[in-house]
>>> print(open('final_11.txt').read())   # compact mmCIF, C-alpha atoms
# COMPACT_ATOMS: atom_id res chain seq x y z
CA LEU A 1 18.85 -178.48 -101.47
CA ASP A 2 16.59 -175.50 -100.85
CA LEU A 3 17.52 -173.99 -97.48
CA ALA A 4 13.93 -173.11 -96.50
CA ALA A 5 12.78 -176.65 -97.31
CA ALA A 6 15.59 -178.10 -95.21
CA ILE A 7 14.64 -175.93 -92.23
CA LEU A 8 10.97 -176.88 -92.57
CA ALA A 9 11.85 -180.56 -92.82
CA SER A 10 13.98 -180.39 -89.68
CA GLY A 11 11.30 -178.69 -87.60
CA CYS A 12 14.05 -176.50 -86.12
CA LEU A 13 14.51 -172.80 -85.79
CA ALA A 14 17.55 -171.32 -87.45
CA MET A 15 19.54 -168.09 -87.32
CA PHE A 16 21.62 -166.87 -90.22
CA PHE A 17 24.07 -163.99 -90.18
CA GLY A 18 25.09 -161.85 -93.13
CA VAL A 19 23.21 -159.74 -95.63
CA LEU A 20 19.50 -160.21 -96.20
CA PRO A 21 18.60 -162.54 -99.07
CA ALA A 22 17.90 -160.86 -102.41
CA TRP A 23 14.11 -161.40 -102.14
CA ALA A 24 14.03 -159.62 -98.75
CA GLN A 25 16.13 -156.74 -100.08
CA ARG A 26 13.73 -156.35 -103.03
CA LEU A 27 10.76 -156.38 -100.67
CA ALA A 28 12.37 -153.70 -98.48
CA GLN A 29 13.00 -151.53 -101.55
CA MET A 30 9.25 -151.54 -102.30
CA LEU A 31 8.34 -149.98 -98.95
CA PRO A 32 7.67 -146.22 -98.84
CA LEU A 33 10.13 -145.62 -95.99
CA GLY A 34 9.58 -141.86 -95.98
CA LEU A 35 5.93 -142.46 -95.11
CA LEU A 36 6.54 -145.24 -92.60
CA LEU A 37 9.58 -144.12 -90.61
CA PRO A 38 10.87 -140.89 -89.03
CA GLY A 39 13.53 -139.03 -91.07
CA PRO A 40 16.73 -140.49 -89.56
CA LEU A 41 15.44 -144.05 -89.81
CA ALA A 42 14.07 -143.57 -93.32
CA ALA A 43 17.52 -142.36 -94.46
CA ARG A 44 19.39 -145.30 -92.93
CA ALA A 45 21.22 -147.63 -95.31
CA PRO A 46 20.42 -150.41 -95.42
CA ALA A 47 16.91 -149.64 -94.24
CA PHE A 48 16.63 -153.12 -92.72
CA ASP A 49 19.33 -155.47 -91.50
CA GLN A 50 17.24 -158.27 -90.05
CA ALA A 51 13.99 -160.11 -90.66
CA ILE A 52 11.79 -162.68 -88.99
CA VAL A 53 10.20 -165.09 -91.45
CA ASN A 54 7.47 -167.50 -90.39
CA LEU A 55 6.93 -170.41 -92.76
CA TYR A 56 3.64 -172.26 -92.55
CA ARG A 57 2.53 -175.43 -94.27
CA PRO A 58 -0.92 -175.46 -95.93
CA GLY A 59 -3.61 -175.43 -93.25
CA GLU A 60 -1.27 -174.00 -90.62
CA GLY A 61 -1.07 -170.44 -89.42
CA ILE A 62 -1.50 -168.19 -86.44
CA ALA A 63 -4.42 -169.22 -84.24
CA PRO A 64 -7.13 -166.62 -83.58
CA HIS A 65 -5.90 -164.26 -80.87
CA VAL A 66 -6.08 -160.69 -79.54
CA ASP A 67 -2.96 -158.55 -79.93
CA LEU A 68 -1.60 -156.55 -77.02
CA ALA A 69 -2.33 -152.82 -77.08
CA ARG A 70 1.22 -152.02 -78.26
CA PHE A 71 0.53 -153.82 -81.57
CA GLN A 72 -2.62 -151.89 -82.45
>>> encode(input="final_11.txt", output="structure tokens")
Amino acid sequence: LDLAAAILASGCLAMFFGVLPAWAQRLAQMLPLGLLLPGPLAARAPAFDQAIVNLYRPGEGIAPHVDLARFQ
């Protein structure tokens, strides 16, 4: 059973501990960390140790909104 499908089917939130899944590690490796983060953070290994993933069904998504100033 696909884990993401099981979580979607349950309608529940879930937390998992351990290393990031391979797809998330590959995504992180594509980011130009030297351009995005200050030196000490760009040199950190692993660059990322957590992720928030929002899964939406077709037709769903984030409703129109205005971000707070800290997100602009």
>>> closest_residue(input="final_11.txt", among="A:Leu36, A:Phe17, A:Arg26, A:Val66", to="Asp49 in chain A", atoms="all atoms listed in the file")
A:Phe17
>>> closest_residue(input="final_11.txt", among="A:Leu20, A:Met30, A:Ala69, A:Ala9", to="Phe48 in chain A", atoms="only C-alpha atoms")
A:Leu20
>>> atom_distance(input="final_11.txt", atom1="CA of Gln25 in chain A", atom2="CA of Ala42 in chain A")
14.9 Å
>>> atom_distance(input="final_11.txt", atom1="CA of Ala24 in chain A", atom2="CA of Leu55 in chain A")
14.2 Å
>>> atom_distance(input="final_11.txt", atom1="CA of Ser10 in chain A", atom2="CA of Ala51 in chain A")
20.3 Å
>>> closest_residue(input="final_11.txt", among="A:Val19, A:Ala6, A:Ile52, A:Ala47", to="Leu31 in chain A", atoms="all atoms listed in the file")
A:Ala47
>>> residues_around(input="final_11.txt", residues="Leu33 in chain A", least_positions_apart="4", cutoff="10 Å", atoms="all atoms listed in the file", output="ChimeraX atom specification")
/A:28-29,37-39,41-44,47
>>> decode(input="final_11.txt", residues="chain A", atoms="C-alpha atoms", output="JSON list (two decimals), in the first residue's frame")
[["chain", "number", "residue", "atom", "x", "y", "z"],
["A", 1, "LEU", "CA", 0.00, 0.00, 0.00],
["A", 2, "ASP", "CA", 1.34, 3.42, -0.94],
["A", 3, "LEU", "CA", 1.91, 5.39, 2.28],
["A", 4, "ALA", "CA", 0.80, 8.74, 0.83],
["A", 5, "ALA", "CA", -2.42, 7.17, -0.48],
["A", 6, "ALA", "CA", -3.11, 5.63, 2.92],
["A", 7, "ILE", "CA", -2.67, 8.98, 4.66],
["A", 8, "LEU", "CA", -4.93, 10.72, 2.14],
["A", 9, "ALA", "CA", -7.57, 8.03, 2.52],
["A", 10, "SER", "CA", -7.54, 8.35, 6.30],
["A", 11, "GLY", "CA", -7.93, 12.13, 6.28],
["A", 12, "CYS", "CA", -5.39, 12.26, 9.11],
["A", 13, "LEU", "CA", -2.18, 14.13, 9.63],
["A", 14, "ALA", "CA", 0.92, 12.04, 10.18],
["A", 15, "MET", "CA", 4.44, 12.54, 11.47],
["A", 16, "PHE", "CA", 7.31, 10.31, 10.46],
["A", 17, "PHE", "CA", 10.78, 10.26, 11.97],
["A", 18, "GLY", "CA", 13.97, 9.20, 10.26],
["A", 19, "VAL", "CA", 15.76, 10.26, 7.11],
["A", 20, "LEU", "CA", 13.95, 12.17, 4.39],
["A", 21, "PRO", "CA", 12.54, 10.01, 1.59],
["A", 22, "ALA", "CA", 14.75, 9.64, -1.49],
["A", 23, "TRP", "CA", 12.58, 11.98, -3.60],
["A", 24, "ALA", "CA", 12.94, 14.77, -0.99],
["A", 25, "GLN", "CA", 16.70, 14.24, -0.78],
["A", 26, "ARG", "CA", 16.96, 14.49, -4.59],
["A", 27, "LEU", "CA", 14.89, 17.67, -4.55],
["A", 28, "ALA", "CA", 17.12, 19.19, -1.86],
["A", 29, "GLN", "CA", 20.23, 18.35, -3.91],
["A", 30, "MET", "CA", 18.85, 20.43, -6.81],
["A", 31, "LEU", "CA", 18.68, 23.62, -4.74],
["A", 32, "PRO", "CA", 21.53, 26.14, -5.10],
["A", 33, "LEU", "CA", 22.16, 26.33, -1.35],
["A", 34, "GLY", "CA", 25.09, 28.73, -1.71],
["A", 35, "LEU", "CA", 22.73, 31.27, -3.27],
["A", 36, "LEU", "CA", 19.83, 30.68, -0.89],
["A", 37, "LEU", "CA", 21.44, 30.31, 2.53],
["A", 38, "PRO", "CA", 24.20, 32.03, 4.54],
["A", 39, "GLY", "CA", 27.57, 30.20, 4.57],
["A", 40, "PRO", "CA", 27.22, 28.09, 7.74],
["A", 41, "LEU", "CA", 23.75, 26.90, 6.78],
["A", 42, "ALA", "CA", 24.71, 26.22, 3.16],
["A", 43, "ALA", "CA", 27.58, 24.00, 4.38],
["A", 44, "ARG", "CA", 25.41, 21.98, 6.76],
["A", 45, "ALA", "CA", 25.01, 18.27, 6.04],
["A", 46, "PRO", "CA", 22.36, 17.24, 5.48],
["A", 47, "ALA", "CA", 21.11, 20.60, 4.24],
["A", 48, "PHE", "CA", 17.56, 19.71, 5.30],
["A", 49, "ASP", "CA", 16.35, 17.29, 7.94],
["A", 50, "GLN", "CA", 12.62, 17.92, 7.83],
["A", 51, "ALA", "CA", 9.87, 18.75, 5.36],
["A", 52, "ILE", "CA", 6.21, 19.70, 5.34],
["A", 53, "VAL", "CA", 4.31, 18.17, 2.45],
["A", 54, "ASN", "CA", 0.76, 19.23, 1.62],
["A", 55, "LEU", "CA", -1.15, 16.78, -0.55],
["A", 56, "TYR", "CA", -4.19, 18.07, -2.40],
["A", 57, "ARG", "CA", -6.78, 16.19, -4.41],
["A", 58, "PRO", "CA", -7.74, 17.59, -7.84],
["A", 59, "GLY", "CA", -9.74, 20.78, -7.39],
["A", 60, "GLU", "CA", -8.39, 21.38, -3.88],
["A", 61, "GLY", "CA", -5.69, 23.79, -2.85],
["A", 62, "ILE", "CA", -4.96, 26.85, -0.78],
["A", 63, "ALA", "CA", -7.79, 29.37, -0.84],
["A", 64, "PRO", "CA", -6.98, 32.91, -2.01],
["A", 65, "HIS", "CA", -5.35, 34.79, 0.85],
["A", 66, "VAL", "CA", -2.85, 37.52, 1.77],
["A", 67, "ASP", "CA", 0.42, 36.41, 3.36],
["A", 68, "LEU", "CA", 1.74, 38.10, 6.47],
["A", 69, "ALA", "CA", 4.59, 40.57, 5.94],
["A", 70, "ARG", "CA", 7.17, 38.04, 7.19],
["A", 71, "PHE", "CA", 6.44, 35.79, 4.18],
["A", 72, "GLN", "CA", 7.00, 38.45, 1.52]]
